[in-house]
Each structure stands twice: as C-alpha cells, then as structure tokens.
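S.K.: Next comes entry06.cif, mmCIF, C-alpha atoms:
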```
data_target
#
loop_
_atom_site.group_PDB
_atom_site.id
_atom_site.type_symbol
_atom_site.label_atom_id
_atom_site.label_comp_id
_atom_site.auth_asym_id
_atom_site.auth_seq_id
_atom_site.Cartn_x
_atom_site.Cartn_y
_atom_site.Cartn_z
ATOM 1 C CA MET A 1 0.000 0.000 0.000
ATOM 2 C CA LYS A 2 1.358 3.419 -0.918
ATOM 3 C CA VAL A 3 2.207 5.614 2.040
ATOM 4 C CA SER A 4 1.857 9.371 1.752
ATOM 5 C CA LEU A 5 5.054 11.179 2.728
ATOM 6 C CA PHE A 6 3.219 14.109 4.230
ATOM 7 C CA ASN A 7 -0.314 15.121 5.133
ATOM 8 C CA ASN A 8 -0.949 18.689 6.272
ATOM 9 C CA ASN A 9 -4.065 17.580 8.145
ATOM 10 C CA ASN A 10 -2.370 14.887 10.176
ATOM 11 C CA PRO A 11 -2.791 15.665 13.907
ATOM 12 C CA SER A 12 0.794 14.591 14.561
ATOM 13 C CA VAL A 13 2.059 17.822 12.990
ATOM 14 C CA ASP A 14 -0.280 20.200 14.821
ATOM 15 C CA ALA A 15 1.805 21.996 17.463
ATOM 16 C CA LYS A 16 -1.096 22.528 19.860
ATOM 17 C CA GLU A 17 -2.090 18.877 19.644
ATOM 18 C CA VAL A 18 1.500 17.821 20.242
ATOM 19 C CA ALA A 19 1.683 20.048 23.331
ATOM 20 C CA ARG A 20 -1.623 18.664 24.617
ATOM 21 C CA GLN A 21 -0.473 15.063 24.191
ATOM 22 C CA LEU A 22 2.864 15.770 25.856
ATOM 23 C CA GLY A 23 0.990 17.210 28.835
ATOM 24 C CA GLU A 24 -1.013 13.984 29.139
ATOM 25 C CA ILE A 25 2.117 11.888 28.769
ATOM 26 C CA ALA A 26 3.940 13.882 31.453
ATOM 27 C CA GLN A 27 1.130 13.128 33.897
ATOM 28 C CA ALA A 28 1.109 9.438 32.987
ATOM 29 C CA ALA A 29 4.908 9.266 33.261
ATOM 30 C CA LYS A 30 4.747 9.991 36.995
ATOM 31 C CA SER A 31 3.623 6.415 37.573
ATOM 32 C CA LEU A 32 6.534 5.053 35.514
ATOM 33 C CA HIS A 33 9.261 6.063 37.913
ATOM 34 C CA ASN A 34 10.014 2.650 39.363
ATOM 35 C CA ALA A 35 12.788 0.068 39.197
ATOM 36 C CA ASN A 36 11.013 -2.134 36.642
ATOM 37 C CA VAL A 37 10.744 0.699 34.137
ATOM 38 C CA TYR A 38 14.335 1.727 34.810
ATOM 39 C CA ARG A 39 15.402 -1.858 34.033
ATOM 40 C CA GLN A 40 13.484 -1.741 30.758
ATOM 41 C CA CYS A 41 15.135 1.558 29.887
ATOM 42 C CA LEU A 42 18.566 0.057 30.588
ATOM 43 C CA SER A 43 17.776 -2.882 28.305
ATOM 44 C CA VAL A 44 17.200 -0.573 25.309
ATOM 45 C CA VAL A 45 20.312 1.598 25.725
ATOM 46 C CA ASP A 46 22.806 1.790 22.867
ATOM 47 C CA TYR A 47 25.897 2.477 24.978
ATOM 48 C CA THR A 48 27.628 5.098 22.864
ATOM 49 C CA SER A 49 31.112 6.527 22.466
ATOM 50 C CA LEU A 50 31.588 8.918 19.538
ATOM 51 C CA ASN A 51 34.568 11.044 20.502
ATOM 52 C CA ALA A 52 37.444 12.305 18.383
ATOM 53 C CA THR A 53 39.791 10.736 20.936
ATOM 54 C CA ASP A 54 38.306 7.228 20.705
ATOM 55 C CA SER A 55 40.856 4.524 19.922
ATOM 56 C CA PRO A 56 40.935 0.726 19.539
ATOM 57 C CA ALA A 57 41.789 0.536 23.245
ATOM 58 C CA ARG A 58 38.627 2.514 24.014
ATOM 59 C CA GLY A 59 36.578 0.113 21.903
ATOM 60 C CA LYS A 60 37.998 -2.887 23.750
ATOM 61 C CA LEU A 61 37.234 -1.221 27.092
ATOM 62 C CA LEU A 62 33.599 -0.697 26.074
ATOM 63 C CA ALA A 63 33.294 -4.356 25.090
ATOM 64 C CA GLU A 64 34.886 -5.562 28.322
ATOM 65 C CA LYS A 65 32.469 -3.451 30.378
ATOM 66 C CA ILE A 66 29.562 -5.163 28.628
ATOM 67 C CA ASN A 67 31.143 -8.620 28.908
ATOM 68 C CA HIS A 68 31.452 -8.367 32.696
ATOM 69 C CA PHE A 69 28.188 -6.560 33.367
ATOM 70 C CA SER A 70 26.120 -9.682 34.066
ATOM 71 C CA THR A 71 28.690 -10.902 36.584
ATOM 72 C CA ARG A 72 28.654 -7.585 38.416
ATOM 73 C CA TYR A 73 24.859 -7.110 38.160
ATOM 74 C CA PRO A 74 23.353 -10.590 37.682
ATOM 75 C CA SER A 75 19.755 -9.463 38.262
ATOM 76 C CA LEU A 76 19.834 -6.698 35.642
ATOM 77 C CA PRO A 77 19.461 -6.775 31.856
ATOM 78 C CA ASN A 78 22.449 -5.817 29.774
ATOM 79 C CA VAL A 79 22.356 -2.892 27.357
ATOM 80 C CA ALA A 80 21.077 -3.446 23.820
ATOM 81 C CA GLY A 81 24.124 -2.331 21.879
ATOM 82 C CA ILE A 82 27.509 -0.643 21.718
ATOM 83 C CA CYS A 83 27.600 2.269 19.256
ATOM 84 C CA VAL A 84 30.979 3.418 17.892
ATOM 85 C CA TYR A 85 32.698 4.837 14.823
ATOM 86 C CA PRO A 86 33.471 2.390 11.967
ATOM 87 C CA SER A 87 37.169 2.294 12.831
ATOM 88 C CA LEU A 88 36.365 0.741 16.218
ATOM 89 C CA VAL A 89 33.827 -1.817 15.027
ATOM 90 C CA GLU A 90 36.189 -4.708 14.344
ATOM 91 C CA GLY A 91 37.916 -4.349 17.703
ATOM 92 C CA VAL A 92 34.615 -4.161 19.579
ATOM 93 C CA ARG A 93 33.262 -7.204 17.748
ATOM 94 C CA SER A 94 36.390 -9.277 18.410
ATOM 95 C CA ALA A 95 36.417 -8.371 22.119
ATOM 96 C CA LEU A 96 32.668 -8.696 22.732
ATOM 97 C CA THR A 97 31.625 -12.059 24.167
ATOM 98 C CA GLU A 98 28.104 -10.991 25.212
ATOM 99 C CA LYS A 99 26.375 -12.121 22.015
ATOM 100 C CA SER A 100 22.979 -10.612 22.855
ATOM 101 C CA VAL A 101 24.483 -7.117 22.599
ATOM 102 C CA LYS A 102 24.543 -5.579 19.133
ATOM 103 C CA VAL A 103 27.529 -3.844 17.593
ATOM 104 C CA VAL A 104 26.239 -0.569 16.173
ATOM 105 C CA SER A 105 28.246 1.677 13.866
ATOM 106 C CA VAL A 106 27.590 5.225 12.765
ATOM 107 C CA ALA A 107 28.553 5.597 9.104
ATOM 108 C CA ALA A 108 27.883 7.327 5.791
ATOM 109 C CA GLY A 109 29.705 10.554 6.577
ATOM 110 C CA PHE A 110 28.435 10.841 10.150
ATOM 111 C CA PRO A 111 27.597 13.330 11.598
ATOM 112 C CA ALA A 112 27.039 15.773 8.698
ATOM 113 C CA SER A 113 26.326 13.299 5.875
ATOM 114 C CA GLN A 114 28.312 15.614 3.619
ATOM 115 C CA THR A 115 30.164 13.167 1.431
ATOM 116 C CA LEU A 116 29.621 11.306 -1.823
ATOM 117 C CA PHE A 117 27.108 8.465 -1.992
ATOM 118 C CA SER A 118 29.846 6.077 -3.134
ATOM 119 C CA VAL A 119 31.742 6.857 0.076
ATOM 120 C CA LYS A 120 28.609 6.475 2.205
ATOM 121 C CA LYS A 121 27.874 3.086 0.693
ATOM 122 C CA LEU A 122 31.459 1.914 1.094
ATOM 123 C CA GLU A 123 31.577 3.025 4.721
ATOM 124 C CA CYS A 124 28.325 1.206 5.544
ATOM 125 C CA GLU A 125 29.550 -1.966 3.864
ATOM 126 C CA ALA A 126 32.921 -1.727 5.623
ATOM 127 C CA ALA A 127 31.231 -1.329 9.008
ATOM 128 C CA VAL A 128 29.176 -4.455 8.356
ATOM 129 C CA ALA A 129 32.249 -6.349 7.142
ATOM 130 C CA GLY A 130 33.929 -5.427 10.417
ATOM 131 C CA GLY A 131 31.099 -6.927 12.434
ATOM 132 C CA ALA A 132 28.396 -4.276 12.841
ATOM 133 C CA THR A 133 24.845 -5.590 12.741
ATOM 134 C CA GLU A 134 23.260 -2.144 12.871
ATOM 135 C CA VAL A 135 24.278 0.995 11.008
ATOM 136 C CA ASP A 136 23.198 4.529 11.971
ATOM 137 C CA VAL A 137 23.317 7.095 9.156
ATOM 138 C CA VAL A 138 22.223 10.717 8.807
ATOM 139 C CA MET A 139 19.827 11.674 6.031
ATOM 140 C CA SER A 140 21.024 14.345 3.588
ATOM 141 C CA LEU A 141 19.653 17.369 5.419
ATOM 142 C CA GLY A 142 20.818 19.979 2.947
ATOM 143 C CA ARG A 143 19.083 18.290 0.035
ATOM 144 C CA PHE A 144 15.952 17.665 2.112
ATOM 145 C CA LEU A 145 15.704 21.295 3.241
ATOM 146 C CA ASP A 146 16.152 22.365 -0.381
ATOM 147 C CA GLY A 147 13.056 20.324 -1.201
ATOM 148 C CA ASP A 148 14.898 17.539 -3.015
ATOM 149 C CA ASP A 149 12.884 14.662 -1.584
ATOM 150 C CA HIS A 150 13.790 12.325 -4.433
ATOM 151 C CA PHE A 151 17.528 12.564 -3.763
ATOM 152 C CA THR A 152 17.142 12.394 0.026
ATOM 153 C CA PHE A 153 14.986 9.312 0.182
ATOM 154 C CA HIS A 154 16.443 7.549 -2.871
ATOM 155 C CA GLU A 155 19.832 7.703 -1.148
ATOM 156 C CA ILE A 156 18.412 6.012 1.955
ATOM 157 C CA ALA A 157 16.681 3.377 -0.161
ATOM 158 C CA SER A 158 19.969 2.710 -1.946
ATOM 159 C CA LEU A 159 21.875 2.322 1.318
ATOM 160 C CA LYS A 160 19.210 -0.043 2.601
ATOM 161 C CA ALA A 161 19.391 -2.049 -0.622
ATOM 162 C CA ALA A 162 23.155 -2.354 -0.246
ATOM 163 C CA LEU A 163 22.624 -3.963 3.166
ATOM 164 C CA THR A 164 19.591 -6.117 2.327
ATOM 165 C CA GLY A 165 20.062 -9.831 2.778
ATOM 166 C CA LYS A 166 22.677 -9.408 5.494
ATOM 167 C CA GLY A 167 20.259 -9.112 8.410
ATOM 168 C CA ILE A 168 21.470 -5.586 9.062
ATOM 169 C CA HIS A 169 19.270 -2.858 10.538
ATOM 170 C CA LEU A 170 19.542 0.623 9.035
ATOM 171 C CA LYS A 171 18.793 3.407 11.521
ATOM 172 C CA VAL A 172 18.322 6.830 9.912
ATOM 173 C CA ILE A 173 19.048 9.985 11.904
ATOM 174 C CA LEU A 174 16.783 12.953 11.117
ATOM 175 C CA GLU A 175 18.798 15.516 13.123
ATOM 176 C CA THR A 176 15.515 17.048 14.216
ATOM 177 C CA GLY A 177 17.201 20.038 15.848
ATOM 178 C CA LEU A 178 17.985 21.308 12.359
ATOM 179 C CA LEU A 179 14.462 20.781 11.029
ATOM 180 C CA PRO A 180 12.589 24.084 11.455
ATOM 181 C CA SER A 181 9.080 22.715 11.984
ATOM 182 C CA LEU A 182 7.167 19.696 13.252
ATOM 183 C CA PRO A 183 5.561 19.145 9.838
ATOM 184 C CA LEU A 184 9.056 18.705 8.400
ATOM 185 C CA VAL A 185 9.873 16.224 11.179
ATOM 186 C CA TYR A 186 6.809 14.218 10.155
ATOM 187 C CA LYS A 187 7.661 14.440 6.473
ATOM 188 C CA ALA A 188 11.249 13.345 7.070
ATOM 189 C CA SER A 189 10.064 10.498 9.304
ATOM 190 C CA MET A 190 7.578 9.128 6.817
ATOM 191 C CA GLY A 191 9.993 9.567 3.923
ATOM 192 C CA CYS A 192 12.742 7.610 5.692
ATOM 193 C CA LEU A 193 10.335 4.868 6.770
ATOM 194 C CA THR A 194 9.012 4.539 3.235
ATOM 195 C CA ALA A 195 12.559 4.423 1.878
ATOM 196 C CA GLY A 196 13.326 1.383 4.045
ATOM 197 C CA ALA A 197 14.727 2.637 7.353
ATOM 198 C CA ASP A 198 14.325 0.012 10.073
ATOM 199 C CA PHE A 199 14.540 2.725 12.758
ATOM 200 C CA ILE A 200 14.267 6.479 12.721
ATOM 201 C CA LYS A 201 16.488 8.334 15.201
ATOM 202 C CA THR A 202 16.264 11.848 16.586
ATOM 203 C CA SER A 203 19.791 13.207 16.584
ATOM 204 C CA THR A 204 23.529 12.692 16.259
ATOM 205 C CA GLY A 205 24.091 14.443 19.571
ATOM 206 C CA LYS A 206 26.481 16.784 17.761
ATOM 207 C CA VAL A 207 24.086 19.746 17.334
ATOM 208 C CA ALA A 208 21.742 21.661 19.617
ATOM 209 C CA PRO A 209 18.944 21.137 20.223
ATOM 210 C CA ALA A 210 19.335 17.390 20.078
ATOM 211 C CA ALA A 211 16.460 15.060 21.053
ATOM 212 C CA THR A 212 13.237 16.790 22.114
ATOM 213 C CA PRO A 213 9.946 15.311 23.327
ATOM 214 C CA GLU A 214 8.093 17.229 20.593
ATOM 215 C CA ALA A 215 10.137 15.680 17.793
ATOM 216 C CA ALA A 216 9.974 12.250 19.422
ATOM 217 C CA LEU A 217 6.188 12.328 19.616
ATOM 218 C CA VAL A 218 5.871 13.347 15.945
ATOM 219 C CA MET A 219 8.303 10.628 14.882
ATOM 220 C CA CYS A 220 6.349 8.035 16.841
ATOM 221 C CA ARG A 221 3.130 9.218 15.237
ATOM 222 C CA ALA A 222 4.739 8.679 11.829
ATOM 223 C CA ILE A 223 5.752 5.155 12.864
ATOM 224 C CA LYS A 224 2.186 4.513 14.023
ATOM 225 C CA ASP A 225 0.735 5.840 10.759
ATOM 226 C CA PHE A 226 3.206 3.789 8.721
ATOM 227 C CA TYR A 227 2.233 0.655 10.642
ATOM 228 C CA ALA A 228 -1.481 1.390 10.135
ATOM 229 C CA GLU A 229 -0.984 1.603 6.371
ATOM 230 C CA THR A 230 1.520 -1.212 5.858
ATOM 231 C CA GLY A 231 1.335 -3.568 8.835
ATOM 232 C CA VAL A 232 5.131 -3.220 9.179
ATOM 233 C CA LYS A 233 6.587 -2.251 12.557
ATOM 234 C CA LYS A 234 9.499 0.163 12.516
ATOM 235 C CA GLY A 235 11.670 1.218 15.428
ATOM 236 C CA PHE A 236 12.357 4.511 17.196
ATOM 237 C CA LYS A 237 15.665 5.656 18.675
ATOM 238 C CA ALA A 238 15.997 8.685 20.923
ATOM 239 C CA ALA A 239 19.515 10.076 21.104
ATOM 240 C CA GLY A 240 21.264 13.328 21.869
ATOM 241 C CA GLY A 241 21.487 14.887 25.322
ATOM 242 C CA ILE A 242 19.687 12.049 27.113
ATOM 243 C CA ALA A 243 21.653 11.758 30.338
ATOM 244 C CA THR A 244 19.279 11.235 33.284
ATOM 245 C CA THR A 245 16.775 8.603 34.315
ATOM 246 C CA ALA A 246 14.039 11.236 34.072
ATOM 247 C CA ASP A 247 15.051 11.895 30.443
ATOM 248 C CA ALA A 248 14.873 8.192 29.637
ATOM 249 C CA VAL A 249 11.459 7.788 31.243
ATOM 250 C CA THR A 250 10.148 10.748 29.236
ATOM 251 C CA TYR A 251 10.988 9.026 25.929
ATOM 252 C CA TYR A 252 9.861 5.634 27.228
ATOM 253 C CA ALA A 253 6.509 7.213 28.156
ATOM 254 C CA ILE A 254 6.119 8.809 24.710
ATOM 255 C CA VAL A 255 6.669 5.465 22.990
ATOM 256 C CA LYS A 256 4.321 3.693 25.391
ATOM 257 C CA HIS A 257 1.597 6.314 24.894
ATOM 258 C CA VAL A 258 1.805 6.618 21.106
ATOM 259 C CA LEU A 259 2.887 3.145 19.996
ATOM 260 C CA GLY A 260 2.041 0.872 22.906
ATOM 261 C CA ASP A 261 3.800 -1.740 25.005
ATOM 262 C CA GLU A 262 4.745 -3.825 21.940
ATOM 263 C CA TRP A 263 7.356 -1.187 21.086
ATOM 264 C CA LEU A 264 9.024 -1.242 24.524
ATOM 265 C CA THR A 265 11.642 -3.812 23.537
ATOM 266 C CA PRO A 266 15.190 -3.567 22.138
ATOM 267 C CA GLU A 267 13.863 -4.744 18.775
ATOM 268 C CA LEU A 268 11.807 -1.555 18.352
ATOM 269 C CA LEU A 269 13.111 0.980 20.879
ATOM 270 C CA ARG A 270 16.597 2.281 21.561
ATOM 271 C CA ILE A 271 18.013 5.128 23.593
ATOM 272 C CA GLY A 272 21.450 6.258 22.508
ATOM 273 C CA ALA A 273 23.523 7.616 25.376
ATOM 274 C CA SER A 274 26.816 7.503 27.224
ATOM 275 C CA ARG A 275 26.080 8.946 30.683
ATOM 276 C CA LEU A 276 22.578 7.502 30.938
ATOM 277 C CA ALA A 277 23.588 3.934 31.814
ATOM 278 C CA ASN A 278 25.194 5.023 35.086
ATOM 279 C CA SER A 279 22.183 7.191 35.955
ATOM 280 C CA LEU A 280 19.821 4.262 35.452
ATOM 281 C CA LEU A 281 22.087 1.928 37.445
ATOM 282 C CA SER A 282 22.224 4.405 40.307
ATOM 283 C CA ASP A 283 18.454 4.760 40.448
ATOM 284 C CA ILE A 284 17.920 0.992 40.228
ATOM 285 C CA THR A 285 20.388 0.133 42.990
ATOM 286 C CA GLY A 286 19.752 3.188 45.146
ATOM 287 C CA LYS A 287 23.427 4.172 45.299
ATOM 288 C CA GLU A 288 25.836 6.050 43.071
ATOM 289 C CA GLU A 289 27.147 3.809 40.305
ATOM 290 C CA LYS A 290 30.052 4.554 37.971
ATOM 291 C CA TYR A 291 30.376 1.208 36.236
ATOM 292 C CA PHE A 292 30.151 2.504 32.666
#
```
So that I can check it, write out the structure of this file as structure tokens.
M.R.:
Amino acid sequence: MKVSLFNNNNPSVDAKEVARQLGEIAQAAKSLHNANVYRQCLSVVDYTSLNATDSPARGKLLAEKINHFSTRYPSLPNVAGICVYPSLVEGVRSALTEKSVKVVSVAAGFPASQTLFSVKKLECEAAVAGGATEVDVVMSLGRFLDGDDHFTFHEIASLKAALTGKGIHLKVILETGLLPSLPLVYKASMGCLTAGADFIKTSTGKVAPAATPEAALVMCRAIKDFYAETGVKKGFKAAGGIATTADAVTYYAIVKHVLGDEWLTPELLRIGASRLANSLLSDITGKEEKYF
C-alpha cells in the first residue's frame, strides 16, 4: 500500500495537539518512575562513544564493560548495543563475548552526511564487514531542506538495498534540531520509513537542540501511521542529550503512549547515550554507580 510522505491535516504535525499530548504523557509518566521501568530503559540503551579521541583501546574497554556486566549485576538486563565509529567496530566485535548485545556503527559521513554516496555506501559496507549488525546514518539534510525529496529518500533506499540480505538494521538519523518545523519532522520520518529505514532516530548528539519530546512524539506518530498503512513495525531511537533517568522515562513514556507496550523492547526501541547507563544503574540500585 502506498504511504503518503506528508499530510498537512495529520494531527501529529499540529503543534497545539503535540503540546496537549505531551501534557497527558507527562502526567502518565509519573507512575513510571520505578525500578522495573528503569530496568526496561537500561535494556534498550545503545551504549555510545563517539569522541574524536576514541581509539581501539577505548573500543575494547567498552566491550569488556559489557562482557562483565552480568557478573557484576546478575539481576539486571544488559544494554542493547555498543555504538561506535566504523574504525572501532572490528575491535569491539572481536572483544565482545556478550552475544545478545549488538555492535552498532555510525557511518555514511556521520555526523554531517556531507560526502559522496559512493563513500557512504562503502563506509556502511565496511562497518558491516567489520562486524556491525546495525548501522546509523544521517539523512542528507541539505538536500531535504532544499526540497529535493527524491535525492534524500532515494539515497536512503539505496543504502538499505546495499545492506539487504545481510540481516542488518539501518537506523536513519533525522537531526531534528535542524528541522525548522514539526511538519518537516513528520515528512522526514515518513519519507525515511518509506525508503526502508528500520529505525528512525532523533539526533547525532552533535548539534543543539538534540532530542526533544516534541520531535519524538511526531516521529512516533509517523511510525504509528506507517504501521497502520503497511502492517510493518518500525523502530524509534531517541539520542542526543539524554543523560538522566528522568530523560529516559520521558521518551519511554512517549513510545508507550503513542505506539504501545509492543514497542518497549530492544527490537523496536533504543536510547542512545553515554552517561545515561550510570544514571539508570544508580536509580535501580539506590546508590551512586560509575560502572560505565
């Protein structure tokens, strides 16, 4: 079934309706501040390190932290993934013994997406060859904001096609802080979903504002609309500035409210963060934790 990229009448792009829904969600979220929800939030974290100073030794350290987590915290779920630059993927994969945890690589000219398609494709394929099972890419914002939908979404479809058959998930970053309106967030969301993105993601964390509840709600509405028209479930990833347990619960509550409990699993929900894991651990155990 054909999915419309954008509908001016869709309630998900009405700012007043978004604000009203977020008010309802904020009230409902008060009941979600408990250890069980914090555990669920921990289980969907993509533990992330995307620094200019990252090295193979840093990648190995990340993997070792994950490998030993279950021994240190046997009653808690491990994180969902480790997210790194392509140059660290092979080292992380070789050091990681916790097979339930995904190796996630940013690629395709991250974070600006300002390189040639041939380079983007090669980088995605190289990340997968190194052991990544999920690839996070940024859509071509400049072309999208110029109104060149065909280029923007054809590029995503081509990247997805290059990875098809390998069991690889393509997560597309909208960089919502650079999109000037909620209607454009919806349009970008639906365009990326239609082009084949397995997840849509808020932000690289490299620009401000990064993730916002408003953008997250609109993106989830697009996922809901896409599912209603196609029967295909797509995932949502919140990332960028998410550092506290309260932040995590906010995005958890948005997904729960808009998409339902079926989406509250690592297969359909991720939270990309570095500092968040320790915040969640501290609130679960009731003492300050600095494991990650």
S.K.: List, as JSON, numbers by chain, every residue that the PyMOL selection byres ((chain A and resi 54-65) around 9) selects in the file provided.
M.R.: {"A": [47, 48, 49, 50, 51, 52, 53, 66, 67, 68, 69, 82, 84, 85, 87, 88, 89, 90, 91, 92, 93, 94, 95, 96, 97, 98, 291, 292]}
S.K.: Given only C-alpha atoms as the basis, pick out the residue of A:Ser43, A:Ser100, A:Thr202, A:Ser181 nearest to Asp14 (chain A).
M.R.: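 Among the listed residues, A:Ser181 lies closest to Asp14 (chain A).
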S.K.: Residue by residue, what does the PyMOL selection byres ((chain A and resi 209-213) around 9) grab here? Present the result as an NGL selection string.
M.R.: :A and (22 or 175-178 or 201-208 or 214-218 or 238-242 or 250-251 or 254)
S.K.: Exactly which residues make up the result of the PyMOL selection byres ((chain A and resi 78) around 8) on this file, given as a ChimeraX atom specification?
M.R.: /A:42-43,66,69-70,76-77,79-80,101
S.K.: Could the residues in this selection be saved with C-alpha atoms as a PDB file, in the coordinates of the input?
M.R.:
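Below is the file result_21.pdb, written as the result:
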```
ATOM      1  CA  LEU A  42      18.566   0.057  30.588  1.00  0.00           C
ATOM      2  CA  SER A  43      17.776  -2.882  28.305  1.00  0.00           C
ATOM      3  CA  ILE A  66      29.562  -5.163  28.628  1.00  0.00           C
ATOM      4  CA  PHE A  69      28.188  -6.560  33.367  1.00  0.00           C
ATOM      5  CA  SER A  70      26.120  -9.682  34.066  1.00  0.00           C
ATOM      6  CA  LEU A  76      19.834  -6.698  35.642  1.00  0.00           C
ATOM      7  CA  PRO A  77      19.461  -6.775  31.856  1.00  0.00           C
ATOM      8  CA  VAL A  79      22.356  -2.892  27.357  1.00  0.00           C
ATOM      9  CA  ALA A  80      21.077  -3.446  23.820  1.00  0.00           C
ATOM     10  CA  VAL A 101      24.483  -7.117  22.599  1.00  0.00           C
TER      11      VAL A 101
END
```
S.K.: I want to know what sits within 6 Å of region 157-163 of chain A, based on only C-alpha atoms, with residues of the same chain fewer than 2 positions away left out; could you give that as a PyMOL selection string?
M.R.: chain A and resi 154-155+166+195-196
S.K.: Could the residues in this selection be saved with C-alpha atoms as a tab-separated table (two decimals), in the coordinates of the input?
M.R.:
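Written output follows (again-v1.tsv):
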```tsv
chain	number	residue	atom	x	y	z
A	154	HIS	CA	16.44	7.55	-2.87
A	155	GLU	CA	19.83	7.70	-1.15
A	166	LYS	CA	22.68	-9.41	5.49
A	195	ALA	CA	12.56	4.42	1.88
A	196	GLY	CA	13.33	1.38	4.04
```
S.K.: Which centre and edge lengths in Å to one decimal define the box along x, y and z that fits every listed atom of region 78-86 of chain A plus 8 Å per side, as AutoDock Vina command-line options?
M.R.:
```
--center_x 27.3 --center_y -0.5 --center_z 20.9 --size_x 28.4 --size_y 26.7 --size_z 33.8
```
S.K.: Using all atoms listed in the file, which of A:Glu17, A:Tyr227, A:Met190, A:Tyr38 sits nearest Ala277 (chain A)?
M.R.: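 Looking at the shortest contact to Ala277 (chain A), the residue is A:Tyr38.
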S.K.: In Å, with one decimal, what is the gap from CA of Cys192 (chain A) to CA of Gln21 (chain A)?
M.R.: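 Pair CA of Cys192 (chain A) / CA of Gln21 (chain A) returns 23.9 Å.
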S.K.: Do you have the CA of Ala108 (chain A)-CA of Lys187 (chain A) distance handy?
M.R.: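 The value is 21.4 Å.
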S.K.: Figure out the distance between CA of Ala26 (chain A) and CA of Thr244 (chain A), please, to one decimal in Å.
M.R.: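 Interatomic distance, CA of Thr244 (chain A) to CA of Ala26 (chain A): 15.7 Å.
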S.K.: Can you rebuild region 94-113 of chain A with N, CA and C atoms and give it as a JSON list (two decimals), in the frame of the given file?
M.R.:
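Ended up saving to part_12.json:
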```
[["chain", "number", "residue", "atom", "x", "y", "z"],
["A", 94, "SER", "N", 35.47, -8.20, 18.03],
["A", 94, "SER", "CA", 36.39, -9.28, 18.41],
["A", 94, "SER", "C", 36.49, -9.43, 19.93],
["A", 95, "ALA", "N", 36.30, -8.32, 20.66],
["A", 95, "ALA", "CA", 36.42, -8.37, 22.12],
["A", 95, "ALA", "C", 35.10, -8.71, 22.81],
["A", 96, "LEU", "N", 33.98, -8.53, 22.11],
["A", 96, "LEU", "CA", 32.67, -8.70, 22.73],
["A", 96, "LEU", "C", 32.28, -10.17, 22.79],
["A", 97, "THR", "N", 32.06, -10.67, 24.00],
["A", 97, "THR", "CA", 31.62, -12.06, 24.17],
["A", 97, "THR", "C", 30.14, -12.15, 24.51],
["A", 98, "GLU", "N", 29.53, -11.04, 24.89],
["A", 98, "GLU", "CA", 28.10, -10.99, 25.21],
["A", 98, "GLU", "C", 27.33, -10.90, 23.90],
["A", 99, "LYS", "N", 26.91, -12.05, 23.37],
["A", 99, "LYS", "CA", 26.38, -12.12, 22.02],
["A", 99, "LYS", "C", 25.00, -11.48, 21.86],
["A", 100, "SER", "N", 24.29, -11.25, 22.97],
["A", 100, "SER", "CA", 22.98, -10.61, 22.86],
["A", 100, "SER", "C", 23.09, -9.12, 22.58],
["A", 101, "VAL", "N", 24.27, -8.55, 22.78],
["A", 101, "VAL", "CA", 24.48, -7.12, 22.60],
["A", 101, "VAL", "C", 24.93, -6.84, 21.17],
["A", 102, "LYS", "N", 24.25, -5.91, 20.52],
["A", 102, "LYS", "CA", 24.54, -5.58, 19.13],
["A", 102, "LYS", "C", 25.75, -4.66, 19.02],
["A", 103, "VAL", "N", 26.48, -4.81, 17.93],
["A", 103, "VAL", "CA", 27.53, -3.84, 17.59],
["A", 103, "VAL", "C", 26.94, -2.87, 16.58],
["A", 104, "VAL", "N", 26.88, -1.61, 16.98],
["A", 104, "VAL", "CA", 26.24, -0.57, 16.17],
["A", 104, "VAL", "C", 27.32, 0.39, 15.68],
["A", 105, "SER", "N", 27.27, 0.73, 14.41],
["A", 105, "SER", "CA", 28.25, 1.68, 13.87],
["A", 105, "SER", "C", 27.54, 2.86, 13.24],
["A", 106, "VAL", "N", 27.98, 4.08, 13.58],
["A", 106, "VAL", "CA", 27.59, 5.22, 12.76],
["A", 106, "VAL", "C", 28.40, 5.12, 11.47],
["A", 107, "ALA", "N", 27.86, 5.70, 10.39],
["A", 107, "ALA", "CA", 28.55, 5.60, 9.10],
["A", 107, "ALA", "C", 27.97, 6.61, 8.14],
["A", 108, "ALA", "N", 28.41, 6.51, 6.89],
["A", 108, "ALA", "CA", 27.88, 7.33, 5.79],
["A", 108, "ALA", "C", 28.14, 8.82, 6.01],
["A", 109, "GLY", "N", 29.36, 9.15, 6.39],
["A", 109, "GLY", "CA", 29.70, 10.55, 6.58],
["A", 109, "GLY", "C", 29.17, 11.17, 7.85],
["A", 110, "PHE", "N", 28.90, 10.34, 8.85],
["A", 110, "PHE", "CA", 28.44, 10.84, 10.15],
["A", 110, "PHE", "C", 29.43, 11.86, 10.68],
["A", 111, "PRO", "N", 28.99, 12.98, 11.29],
["A", 111, "PRO", "CA", 27.60, 13.33, 11.60],
["A", 111, "PRO", "C", 26.91, 14.26, 10.60],
["A", 112, "ALA", "N", 27.63, 14.77, 9.59],
["A", 112, "ALA", "CA", 27.04, 15.77, 8.70],
["A", 112, "ALA", "C", 26.44, 15.18, 7.43],
["A", 113, "SER", "N", 26.80, 13.95, 7.10],
["A", 113, "SER", "CA", 26.33, 13.30, 5.88],
["A", 113, "SER", "C", 26.75, 14.06, 4.62]]
```
